[in-house]
>>> print(open('my_file.txt').read())   # compact mmCIF, C-alpha atoms and all ligand atoms
# COMPACT_ATOMS: atom_id res chain seq x y z
CA MET E 4 63.36 -126.14 -15.40
CA SER E 5 60.18 -127.87 -14.28
CA VAL E 6 57.30 -125.44 -13.73
CA LEU E 7 53.86 -126.02 -12.27
CA ILE E 8 51.40 -123.62 -13.87
CA CYS E 9 48.29 -123.20 -11.76
CA GLY E 10 45.52 -121.89 -13.98
CA GLY E 11 47.33 -122.94 -17.17
CA ALA E 12 44.03 -123.54 -19.00
CA GLY E 13 43.09 -119.86 -18.68
CA TYR E 14 43.92 -116.91 -20.89
CA ILE E 15 47.29 -115.74 -19.56
CA GLY E 16 48.19 -119.15 -18.12
CA SER E 17 47.82 -120.94 -21.47
CA HIS E 18 50.11 -118.39 -23.15
CA MET E 19 52.60 -119.02 -20.35
CA VAL E 20 52.48 -122.75 -20.98
CA ARG E 21 53.29 -122.22 -24.62
CA TRP E 22 56.03 -119.66 -23.90
CA LEU E 23 57.82 -122.06 -21.53
CA THR E 24 57.38 -125.10 -23.75
CA GLU E 25 58.87 -123.25 -26.70
CA ARG E 26 61.90 -122.54 -24.51
CA ASP E 27 62.31 -126.20 -23.55
CA HIS E 28 61.02 -126.05 -20.01
CA GLU E 29 58.91 -128.86 -18.58
CA VAL E 30 55.40 -127.81 -17.80
CA MET E 31 52.65 -129.32 -15.68
CA VAL E 32 49.28 -127.55 -15.67
CA LEU E 33 46.96 -127.56 -12.67
CA ASP E 34 43.46 -126.32 -13.42
CA ASN E 35 39.96 -127.04 -12.15
CA LEU E 36 38.55 -126.03 -15.56
CA SER E 37 35.94 -123.80 -13.91
CA THR E 38 36.75 -120.95 -16.27
CA GLY E 39 39.72 -122.40 -18.19
CA HIS E 40 39.49 -124.51 -21.34
CA ARG E 41 40.85 -128.02 -21.80
CA GLU E 42 41.59 -127.24 -25.46
CA ALA E 43 43.81 -124.30 -24.46
CA VAL E 44 46.28 -126.74 -22.89
CA GLN E 45 48.03 -127.83 -26.06
CA TRP E 46 51.42 -128.38 -24.44
CA GLY E 47 52.49 -129.99 -21.18
CA GLN E 48 50.43 -132.23 -18.97
CA LEU E 49 47.02 -131.15 -17.61
CA VAL E 50 46.11 -132.28 -14.10
CA GLU E 51 42.59 -131.44 -12.97
CA ALA E 52 42.82 -130.30 -9.37
CA ASP E 53 41.37 -127.59 -7.20
CA LEU E 54 43.21 -125.20 -4.90
CA MET E 55 40.34 -125.58 -2.44
CA ASP E 56 41.26 -129.26 -2.05
CA PRO E 57 44.64 -129.58 -0.28
CA ALA E 58 44.80 -133.37 -0.74
CA SER E 59 44.59 -132.97 -4.51
CA LEU E 60 47.50 -130.49 -4.34
CA ASP E 61 49.65 -133.06 -2.55
CA ARG E 62 48.94 -135.51 -5.34
CA VAL E 63 50.03 -132.92 -7.93
CA PHE E 64 53.31 -132.13 -6.18
CA ALA E 65 53.99 -135.82 -5.63
CA ARG E 66 53.93 -136.44 -9.40
CA ARG E 67 57.24 -134.81 -10.15
CA ASN E 68 59.85 -132.39 -8.87
CA VAL E 69 58.77 -128.80 -9.31
CA ASP E 70 61.38 -126.02 -9.46
CA ALA E 71 58.93 -123.14 -9.52
CA VAL E 72 55.21 -122.42 -9.43
CA MET E 73 53.39 -119.81 -11.50
CA HIS E 74 50.00 -119.05 -10.03
CA PHE E 75 47.32 -117.71 -12.40
CA CYS E 76 44.23 -119.24 -10.73
CA ALA E 77 41.81 -116.57 -9.62
CA ARG E 78 38.38 -115.15 -9.94
CA SER E 79 39.01 -111.82 -11.57
CA LEU E 80 35.82 -109.90 -12.37
CA VAL E 81 35.55 -106.68 -10.43
CA GLY E 82 31.73 -106.43 -10.52
CA GLU E 83 31.29 -110.08 -9.54
CA SER E 84 33.70 -109.58 -6.64
CA VAL E 85 31.52 -106.79 -5.29
CA ALA E 86 28.44 -109.00 -5.54
CA GLN E 87 30.10 -112.20 -4.21
CA PRO E 88 32.96 -111.18 -1.92
CA TYR E 89 33.08 -114.48 0.01
CA ALA E 90 33.66 -116.40 -3.21
CA TYR E 91 36.53 -114.05 -4.08
CA TYR E 92 38.24 -114.21 -0.70
CA ALA E 93 37.78 -117.99 -0.53
CA ASN E 94 39.10 -118.67 -4.01
CA ASN E 95 41.81 -116.03 -4.26
CA VAL E 96 43.07 -115.95 -0.67
CA THR E 97 42.23 -119.34 0.90
CA GLY E 98 42.99 -121.13 -2.36
CA THR E 99 46.38 -119.42 -2.54
CA LEU E 100 47.10 -120.27 1.11
CA ASN E 101 46.40 -123.93 0.32
CA LEU E 102 48.84 -123.72 -2.58
CA LEU E 103 51.50 -122.04 -0.44
CA GLU E 104 51.12 -124.66 2.26
CA ALA E 105 51.44 -127.45 -0.29
CA MET E 106 54.57 -125.76 -1.70
CA ARG E 107 55.97 -125.67 1.82
CA ARG E 108 55.19 -129.33 2.43
CA HIS E 109 56.91 -130.25 -0.82
CA ASP E 110 59.82 -127.82 -0.34
CA VAL E 111 59.15 -125.69 -3.44
CA LYS E 112 60.64 -122.26 -2.87
CA ARG E 113 59.93 -120.13 -5.93
CA LEU E 114 56.59 -118.58 -6.88
CA VAL E 115 55.43 -116.05 -9.46
CA PHE E 116 52.03 -114.70 -8.54
CA SER E 117 49.52 -112.97 -10.84
CA SER E 118 48.63 -109.71 -9.18
CA THR E 119 46.83 -106.74 -10.65
CA ALA E 120 46.66 -102.98 -11.06
CA ALA E 121 43.46 -103.26 -8.99
CA VAL E 122 45.61 -103.37 -5.82
CA PHE E 123 46.15 -99.61 -6.26
CA GLY E 124 42.51 -98.51 -6.24
CA ASN E 125 41.84 -95.01 -7.51
CA PRO E 126 45.16 -93.62 -8.74
CA VAL E 127 46.60 -90.49 -7.19
CA ALA E 128 49.34 -90.18 -9.84
CA ASP E 129 49.30 -90.06 -13.66
CA VAL E 130 51.62 -93.02 -13.92
CA ILE E 131 51.54 -95.77 -11.30
CA ASP E 132 54.82 -97.11 -9.97
CA GLU E 133 55.33 -99.74 -7.28
CA GLU E 134 55.37 -97.14 -4.49
CA HIS E 135 51.91 -95.82 -5.33
CA PRO E 136 49.47 -96.15 -2.36
CA LYS E 137 47.62 -99.45 -2.33
CA THR E 138 43.99 -98.87 -1.44
CA PRO E 139 41.89 -101.33 -3.47
CA ILE E 140 38.29 -100.32 -4.03
CA ASN E 141 36.80 -103.78 -4.63
CA PRO E 142 37.11 -107.30 -3.17
CA TYR E 143 39.05 -108.52 -6.22
CA GLY E 144 41.85 -105.98 -5.71
CA ALA E 145 41.72 -106.49 -1.95
CA SER E 146 42.07 -110.28 -2.31
CA LYS E 147 45.18 -109.86 -4.47
CA LEU E 148 46.72 -107.35 -2.08
CA MET E 149 46.11 -109.75 0.82
CA VAL E 150 48.06 -112.41 -1.01
CA GLU E 151 50.91 -109.96 -1.65
CA ARG E 152 51.04 -109.37 2.11
CA ILE E 153 50.99 -113.12 2.80
CA LEU E 154 53.93 -113.54 0.42
CA THR E 155 55.93 -110.95 2.35
CA ASP E 156 55.25 -112.84 5.58
CA ALA E 157 56.04 -116.18 3.94
CA ALA E 158 59.43 -114.88 2.81
CA GLU E 159 60.25 -113.97 6.38
CA ALA E 160 58.88 -117.10 8.05
CA TYR E 161 59.59 -119.83 5.51
CA GLY E 162 62.13 -118.41 3.08
CA LEU E 163 59.62 -118.48 0.19
CA ARG E 164 60.95 -116.48 -2.76
CA SER E 165 58.22 -114.75 -4.73
CA VAL E 166 57.49 -112.17 -7.37
CA ALA E 167 54.04 -110.58 -7.65
CA LEU E 168 53.46 -109.26 -11.17
CA ARG E 169 50.80 -106.58 -11.30
CA TYR E 170 49.29 -106.67 -14.76
CA PHE E 171 47.60 -103.65 -16.19
CA ASN E 172 45.32 -104.57 -19.15
CA ALA E 173 46.34 -107.93 -20.60
CA ALA E 174 45.43 -108.16 -24.28
CA GLY E 175 46.16 -109.94 -27.55
CA ALA E 176 46.79 -113.53 -28.62
CA THR E 177 49.63 -115.62 -30.07
CA SER E 178 50.72 -114.45 -33.53
CA ASP E 179 49.65 -117.76 -35.08
CA ALA E 180 46.14 -117.45 -33.58
CA CYS E 181 46.57 -120.74 -31.80
CA ILE E 182 45.28 -119.59 -28.42
CA GLY E 183 43.59 -116.38 -27.29
CA GLU E 184 41.20 -114.75 -24.87
CA ALA E 185 38.00 -116.76 -24.38
CA HIS E 186 35.92 -115.98 -21.34
CA ALA E 187 32.48 -117.58 -21.01
CA CYS E 188 31.14 -114.26 -19.82
CA GLU E 189 33.20 -111.63 -21.64
CA THR E 190 33.57 -108.27 -19.93
CA HIS E 191 36.83 -106.96 -21.42
CA LEU E 192 36.95 -104.17 -23.93
CA ILE E 193 39.06 -105.56 -26.79
CA PRO E 194 37.26 -108.94 -27.07
CA ASN E 195 33.91 -107.18 -26.80
CA VAL E 196 34.86 -104.75 -29.57
CA LEU E 197 36.06 -107.57 -31.84
CA LYS E 198 33.09 -109.82 -31.14
CA SER E 199 30.71 -107.01 -31.97
CA ALA E 200 32.66 -106.42 -35.21
CA LEU E 201 32.32 -110.11 -36.07
CA GLY E 202 28.65 -110.12 -35.13
CA THR E 203 29.30 -112.85 -32.55
CA GLY E 204 28.78 -110.75 -29.44
CA PRO E 205 26.24 -108.32 -28.08
CA ALA E 206 26.05 -104.73 -29.34
CA LEU E 207 29.02 -102.79 -28.04
CA LYS E 208 28.53 -100.43 -25.13
CA LEU E 209 31.03 -97.75 -24.17
CA PHE E 210 30.79 -97.30 -20.42
CA GLY E 211 30.99 -93.60 -19.65
CA ASP E 212 32.11 -90.65 -21.81
CA ASP E 213 32.12 -88.06 -19.05
CA TYR E 214 35.42 -88.86 -17.35
CA ALA E 215 38.07 -86.17 -16.84
CA THR E 216 40.18 -87.51 -19.72
CA PRO E 217 40.98 -85.93 -23.12
CA ASP E 218 38.01 -87.59 -24.90
CA GLY E 219 35.91 -88.30 -21.82
CA THR E 220 36.44 -92.09 -21.92
CA CYS E 221 38.59 -94.23 -19.61
CA VAL E 222 42.28 -94.61 -20.35
CA ARG E 223 44.05 -97.96 -19.92
CA ASP E 224 47.51 -99.42 -20.49
CA TYR E 225 47.27 -102.49 -22.78
CA VAL E 226 50.06 -105.05 -22.51
CA HIS E 227 50.40 -108.10 -24.74
CA VAL E 228 49.87 -111.48 -23.14
CA GLU E 229 53.18 -112.80 -24.57
CA ASP E 230 55.03 -109.88 -22.98
CA LEU E 231 53.45 -110.91 -19.69
CA ALA E 232 54.68 -114.47 -20.26
CA GLN E 233 58.19 -113.15 -20.92
CA ALA E 234 58.09 -111.28 -17.59
CA HIS E 235 57.14 -114.45 -15.67
CA LEU E 236 60.11 -116.37 -16.94
CA LEU E 237 62.43 -113.46 -16.14
CA ALA E 238 60.88 -113.31 -12.66
CA VAL E 239 61.72 -116.96 -11.94
CA ASP E 240 65.31 -116.32 -13.02
CA TYR E 241 65.41 -113.23 -10.84
CA LEU E 242 64.47 -115.28 -7.78
CA GLN E 243 67.59 -117.39 -8.23
CA ASP E 244 69.68 -114.54 -6.80
CA HIS E 245 67.03 -112.51 -5.00
CA PRO E 246 65.47 -113.98 -1.86
CA GLY E 247 62.39 -112.30 -0.45
CA ALA E 248 59.04 -111.12 -1.80
CA HIS E 249 59.12 -108.70 -4.75
CA ALA E 250 56.51 -106.89 -6.81
CA PHE E 251 56.64 -105.33 -10.28
CA ASN E 252 54.11 -103.39 -12.34
CA LEU E 253 53.68 -104.55 -15.93
CA GLY E 254 52.31 -102.24 -18.59
CA ASN E 255 53.49 -100.42 -21.71
CA GLY E 256 53.53 -97.04 -19.97
CA ARG E 257 51.13 -95.57 -22.55
CA GLY E 258 47.45 -95.04 -22.07
CA PHE E 259 44.74 -95.43 -24.73
CA SER E 260 41.17 -94.28 -24.27
CA VAL E 261 38.20 -96.55 -24.91
CA ARG E 262 37.42 -94.48 -28.02
CA GLU E 263 40.99 -94.86 -29.26
CA VAL E 264 40.75 -98.62 -28.80
CA ILE E 265 37.50 -98.73 -30.80
CA GLU E 266 38.99 -96.54 -33.56
CA THR E 267 42.18 -98.63 -33.75
CA ALA E 268 40.08 -101.80 -33.86
CA ALA E 269 38.01 -100.31 -36.70
CA THR E 270 41.22 -99.81 -38.71
CA VAL E 271 42.33 -103.37 -37.94
CA VAL E 272 39.03 -104.96 -38.99
CA GLY E 273 38.63 -102.59 -41.93
CA ASN E 274 35.14 -101.48 -40.95
CA SER E 275 33.55 -98.92 -38.69
CA ILE E 276 32.43 -100.28 -35.32
CA ASP E 277 29.09 -99.15 -33.91
CA TYR E 278 28.65 -98.58 -30.24
CA GLU E 279 26.29 -96.90 -27.88
CA VAL E 280 27.40 -94.76 -24.95
CA ALA E 281 26.16 -96.29 -21.69
CA PRO E 282 26.48 -95.11 -18.08
CA ARG E 283 29.79 -95.53 -16.27
CA ARG E 284 30.60 -99.04 -15.02
CA THR E 285 30.90 -99.18 -11.22
CA GLY E 286 34.46 -99.34 -9.97
CA ASP E 287 36.21 -98.08 -13.14
CA PRO E 288 38.99 -95.56 -12.38
CA ALA E 289 39.37 -92.89 -15.11
CA VAL E 290 43.02 -93.59 -15.90
CA LEU E 291 45.31 -96.56 -15.18
CA VAL E 292 48.77 -96.35 -16.69
CA ALA E 293 51.81 -98.25 -15.39
CA SER E 294 55.35 -97.27 -14.81
CA SER E 295 57.25 -100.47 -15.58
CA SER E 296 60.71 -98.97 -15.11
CA LYS E 297 61.43 -101.30 -12.22
CA ALA E 298 60.59 -104.42 -14.27
CA ARG E 299 62.65 -103.14 -17.18
CA GLU E 300 65.64 -102.30 -15.01
CA GLN E 301 65.60 -105.17 -12.53
CA LEU E 302 64.09 -108.05 -14.51
CA GLY E 303 65.45 -106.94 -17.89
CA TRP E 304 61.89 -106.98 -19.28
CA THR E 305 61.59 -105.58 -22.80
CA PRO E 306 58.03 -105.78 -24.12
CA ALA E 307 57.95 -106.64 -27.81
CA TRP E 308 54.36 -105.45 -28.39
CA THR E 309 54.53 -101.72 -27.76
CA GLU E 310 51.89 -100.51 -30.25
CA LEU E 311 48.15 -100.91 -29.79
CA GLY E 312 47.43 -101.78 -33.46
CA PRO E 313 49.47 -105.02 -33.57
CA ILE E 314 48.12 -106.06 -30.15
CA ILE E 315 44.55 -105.74 -31.43
CA GLU E 316 45.53 -107.37 -34.75
CA SER E 317 46.77 -110.47 -32.91
CA ALA E 318 43.48 -110.67 -30.99
CA TRP E 319 41.52 -110.16 -34.23
CA ARG E 320 43.31 -113.03 -36.01
CA TRP E 321 42.42 -115.32 -33.13
CA HIS E 322 38.81 -114.15 -32.93
CA GLN E 323 38.37 -114.74 -36.65
CA SER E 324 39.70 -118.28 -36.31
CA GLN E 325 37.12 -119.25 -33.68
CA PRO E 326 33.88 -121.09 -34.43
CA TRP E 327 32.10 -119.09 -31.64
N1 LIG J 401 34.66 -101.05 -21.45
C1 LIG J 401 33.64 -100.60 -22.28
N2 LIG J 401 32.85 -101.53 -22.90
C2 LIG J 401 33.03 -102.88 -22.72
C3 LIG J 401 34.07 -103.32 -21.88
C4 LIG J 401 34.87 -102.39 -21.26
O1 LIG J 401 33.44 -99.40 -22.45
O2 LIG J 401 32.28 -103.68 -23.30
C5 LIG J 401 35.54 -100.07 -20.81
C6 LIG J 401 35.59 -100.20 -19.30
O3 LIG J 401 34.52 -99.45 -18.72
C7 LIG J 401 36.97 -99.64 -18.99
C8 LIG J 401 37.81 -100.04 -20.21
O4 LIG J 401 36.86 -100.33 -21.25
O5 LIG J 401 36.91 -98.24 -18.95
C9 LIG J 401 38.65 -101.27 -19.98
O6 LIG J 401 37.82 -102.27 -19.42
P1 LIG J 401 38.27 -103.80 -19.31
O7 LIG J 401 37.11 -104.55 -18.70
O8 LIG J 401 38.74 -104.28 -20.64
O9 LIG J 401 39.50 -103.80 -18.34
P2 LIG J 401 39.69 -103.24 -16.84
O10 LIG J 401 40.43 -101.93 -17.00
O11 LIG J 401 38.34 -103.09 -16.22
O12 LIG J 401 40.52 -104.28 -16.19
>>> encode(input="my_file.txt", output="structure tokens")
Amino acid sequence: MSVLICGGAGYIGSHMVRWLTERDHEVMVLDNLSTGHREAVQWGQLVEADLMDPASLDRVFARRNVDAVMHFCARSLVGESVAQPYAYYANNVTGTLNLLEAMRRHDVKRLVFSSTAAVFGNPVADVIDEEHPKTPINPYGASKLMVERILTDAAEAYGLRSVALRYFNAAGATSDACIGEAHACETHLIPNVLKSALGTGPALKLFGDDYATPDGTCVRDYVHVEDLAQAHLLAVDYLQDHPGAHAFNLGNGRGFSVREVIETAATVVGNSIDYEVAPRRTGDPAVLVASSSKAREQLGWTPAWTELGPIIESAWRWHQSQPW
């Protein structure tokens, strides 16, 4: 299969590129390198192009036949989306529309789209399944939900087959520490914990210990980036026999508090990890845990990384290997 990976120089996209290449698929990477890294594209062919430039998309699709597109390009920081909503709607919605139109012009009918738990907003259930109300509380989540709606309409109007995969908390790195999570401005918990342990990041802050959770800190569902890659490939296969627009939640179904993450990381690095308790971060729901029963049953998804310790260990190996 020949797959175009939009955003293949980013964190999840680069793991996808490797996953497909190892399984003998042909990969072409489209990335504008605004937040992605050229050195993360170690397999396949990198084409620098921008979703905001439709002519450049035509040139990408003209290069070779594409059987399916996986679309990871997005701005994805909740706080930034609140401060710069136009940038988020332009990049995440208009950019995706440009991609969809190019796919239509070039008769490419299968898409796997990176969606997010942020489409659900504040949860009204302990475990979030696909039927949970979708009331995003920030422009990032709203932009992703808009695209999900567009995909439903595109299935009806143009026969586009799509799967939206709603990630909970993506984490970890390849076992051989070859690629990992490298954001220029790091906001995520596990990299921040590990960077503070290495002394390569700022002092660790724990945002809020007064939530209505067992230890007062936020609970999240951490899912390994290679398990996400596995789900994308299964999703493309699924579209072979399933027309329409589909959506699946992807998580491990188990929540860990921020304190539990810090404690597990301390065991992994073999040292205590200092932190200071800071005020709550705006827009953080107390608990986000996925039900992934639908993905398991319908896609045949079986996450390999079900324990938090090994997920953090894989991230730690990669962090240690970096020059920073
Ligand atoms: N968090 C924290 N310190 C950090 C980064 C994150 O306490 O340096 C908390 C954050 O407030 C949230 C949880 O860790 O409760 C997970 O945050 P992350 O940004 O990793 O993922 P999100 O759930 O926001 O997508």
>>> closest_residue(input="my_file.txt", among="E:Val292, E:Gln233, E:Arg299, E:Gly183", to="Ile315 (chain E)", atoms="all atoms listed in the file")
E:Gly183
>>> closest_residue(input="my_file.txt", among="E:Gly39, E:Gly303, E:Gly312, E:Gly286", to="ligand LIG 401 (chain J)", atoms="only C-alpha atoms and all ligand atoms")
E:Gly286
>>> atom_distance(input="my_file.txt", atom1="CA of His191 (chain E)", atom2="CA of Asp129 (chain E)")
22.4 Å
>>> residues_near_ligand(input="my_file.txt", ligand="ligand LIG 401 (chain J)", cutoff="6 Å", atoms="all atoms listed in the file", output="NGL selection string")
:E and (172 or 190-192 or 195 or 207-210 or 221 or 261 or 284 or 287)
>>> closest_residue(input="my_file.txt", among="E:Glu279, E:Pro313, E:Arg169, E:Val228", to="His249 (chain E)", atoms="all atoms listed in the file")
E:Arg169
>>> closest_residue(input="my_file.txt", among="E:Ala293, E:Cys76, E:Ala65, E:Ala200", to="Gly98 (chain E)", atoms="all atoms listed in the file")
E:Cys76
>>> atom_distance(input="my_file.txt", atom1="CA of Asn68 (chain E)", atom2="CA of Asp110 (chain E)")
9.7 Å
>>> residues_around(input="my_file.txt", residues="Ala145 (chain E)", least_positions_apart="4", cutoff="9 Å", atoms="all atoms listed in the file", output="short mmCIF file (atom, residue, chain, number, x, y, z; two decimals) with C-alpha atoms, in the frame of the given file")
data_model
loop_
_atom_site.label_atom_id
_atom_site.label_comp_id
_atom_site.auth_asym_id
_atom_site.auth_seq_id
_atom_site.Cartn_x
_atom_site.Cartn_y
_atom_site.Cartn_z
CA TYR E 92 38.24 -114.21 -0.70
CA ALA E 121 43.46 -103.26 -8.99
CA VAL E 122 45.61 -103.37 -5.82
CA THR E 138 43.99 -98.87 -1.44
CA PRO E 139 41.89 -101.33 -3.47
CA ILE E 140 38.29 -100.32 -4.03
CA ASN E 141 36.80 -103.78 -4.63
CA MET E 149 46.11 -109.75 0.82
CA VAL E 150 48.06 -112.41 -1.01
#
>>> closest_residue(input="my_file.txt", among="E:Phe116, E:Gly247, E:Ala58, E:Lys137", to="Thr155 (chain E)", atoms="only C-alpha atoms")
E:Gly247
>>> atom_distance(input="my_file.txt", atom1="CA of Val272 (chain E)", atom2="CA of His322 (chain E)")
11.0 Å
>>> closest_residue(input="my_file.txt", among="E:Ala187, E:Ile314, E:Leu291, E:Ala160", to="Val130 (chain E)", atoms="only C-alpha atoms")
E:Leu291
>>> residues_around(input="my_file.txt", residues="Ala206 (chain E)", least_positions_apart="2", cutoff="12 Å", atoms="all atoms listed in the file", output="compact mmCIF listing (two decimals) with C-alpha atoms, keeping the file's coordinate frame")
# COMPACT_ATOMS: atom_id res chain seq x y z
CA ASN E 195 33.91 -107.18 -26.80
CA VAL E 196 34.86 -104.75 -29.57
CA LEU E 197 36.06 -107.57 -31.84
CA LYS E 198 33.09 -109.82 -31.14
CA SER E 199 30.71 -107.01 -31.97
CA ALA E 200 32.66 -106.42 -35.21
CA LEU E 201 32.32 -110.11 -36.07
CA GLY E 202 28.65 -110.12 -35.13
CA THR E 203 29.30 -112.85 -32.55
CA GLY E 204 28.78 -110.75 -29.44
CA LYS E 208 28.53 -100.43 -25.13
CA LEU E 209 31.03 -97.75 -24.17
CA ILE E 276 32.43 -100.28 -35.32
CA ASP E 277 29.09 -99.15 -33.91
CA TYR E 278 28.65 -98.58 -30.24
CA GLU E 279 26.29 -96.90 -27.88
CA VAL E 280 27.40 -94.76 -24.95
CA ALA E 281 26.16 -96.29 -21.69
>>> residues_around(input="my_file.txt", residues="Thr99 (chain E)", least_positions_apart="6", cutoff="9 Å", atoms="all atoms listed in the file", output="PyMOL selection string")
chain E and resi 54-55+74+76-77+93+150
>>> residues_around(input="my_file.txt", residues="Glu151 (chain E)", least_positions_apart="2", cutoff="12 Å", atoms="all atoms listed in the file", output="JSON, numbers by chain")
{"E": [95, 96, 99, 100, 114, 115, 116, 117, 118, 119, 122, 137, 144, 145, 146, 147, 148, 149, 153, 154, 155, 156, 157, 158, 165, 166, 167, 168, 169, 247, 248, 249, 250, 251]}
>>> residues_around(input="my_file.txt", residues="Lys297 (chain E)", least_positions_apart="2", cutoff="10 Å", atoms="all atoms listed in the file", output="list in words")
Asp132, Glu133, Ala250, Phe251, Asn252, Leu253, Ser294, Ser295, Arg299, Glu300, Gln301, Leu302, Gly303 and Trp304 of chain E
>>> decode(input="my_file.txt", residues="region 60-66 of chain E", atoms="all heavy atoms", output="short mmCIF file (atom, residue, chain, number, x, y, z; two decimals), in the first residue's frame")
data_model
loop_
_atom_site.label_atom_id
_atom_site.label_comp_id
_atom_site.auth_asym_id
_atom_site.auth_seq_id
_atom_site.Cartn_x
_atom_site.Cartn_y
_atom_site.Cartn_z
N LEU E 60 -0.20 20.96 -2.70
CA LEU E 60 -0.81 19.65 -2.46
C LEU E 60 -0.99 18.91 -3.79
O LEU E 60 -0.77 17.70 -3.88
CB LEU E 60 -2.17 19.81 -1.76
CG LEU E 60 -2.09 20.46 -0.38
CD1 LEU E 60 -3.46 20.50 0.28
CD2 LEU E 60 -1.12 19.70 0.51
N ASP E 61 -1.38 19.65 -4.83
CA ASP E 61 -1.52 19.00 -6.14
C ASP E 61 -0.20 18.40 -6.59
O ASP E 61 -0.15 17.31 -7.15
CB ASP E 61 -2.02 20.01 -7.18
CG ASP E 61 -3.53 20.17 -7.09
OD1 ASP E 61 -4.22 19.21 -6.70
OD2 ASP E 61 -4.03 21.27 -7.40
N ARG E 62 0.88 19.15 -6.31
CA ARG E 62 2.19 18.63 -6.72
C ARG E 62 2.53 17.35 -5.96
O ARG E 62 3.10 16.42 -6.50
CB ARG E 62 3.27 19.69 -6.50
CG ARG E 62 3.19 20.84 -7.50
CD ARG E 62 4.47 21.68 -7.50
NE ARG E 62 4.65 22.43 -6.26
CZ ARG E 62 4.10 23.64 -6.04
NH1 ARG E 62 3.37 24.22 -6.96
NH2 ARG E 62 4.30 24.26 -4.89
N VAL E 63 2.13 17.28 -4.68
CA VAL E 63 2.41 16.08 -3.88
C VAL E 63 1.63 14.89 -4.43
O VAL E 63 2.19 13.81 -4.68
CB VAL E 63 2.04 16.31 -2.40
CG1 VAL E 63 2.16 15.02 -1.61
CG2 VAL E 63 2.93 17.39 -1.80
N PHE E 64 0.34 15.09 -4.69
CA PHE E 64 -0.47 13.96 -5.17
C PHE E 64 -0.07 13.53 -6.59
O PHE E 64 -0.29 12.39 -6.97
CB PHE E 64 -1.96 14.31 -5.11
CG PHE E 64 -2.55 14.17 -3.73
CD1 PHE E 64 -2.72 15.28 -2.92
CD2 PHE E 64 -2.90 12.92 -3.24
CE1 PHE E 64 -3.25 15.15 -1.63
CE2 PHE E 64 -3.43 12.78 -1.95
CZ PHE E 64 -3.61 13.89 -1.15
N ALA E 65 0.49 14.50 -7.35
CA ALA E 65 0.89 14.15 -8.72
C ALA E 65 2.14 13.26 -8.73
O ALA E 65 2.44 12.59 -9.72
CB ALA E 65 1.15 15.42 -9.52
N ARG E 66 2.87 13.22 -7.63
CA ARG E 66 4.15 12.49 -7.61
C ARG E 66 3.96 10.98 -7.73
O ARG E 66 4.77 10.29 -8.34
CB ARG E 66 4.90 12.74 -6.30
CG ARG E 66 5.64 14.04 -6.30
CD ARG E 66 6.28 14.23 -4.96
NE ARG E 66 7.14 15.40 -4.99
CZ ARG E 66 8.42 15.39 -4.67
NH1 ARG E 66 9.01 14.29 -4.26
NH2 ARG E 66 9.13 16.50 -4.72
#
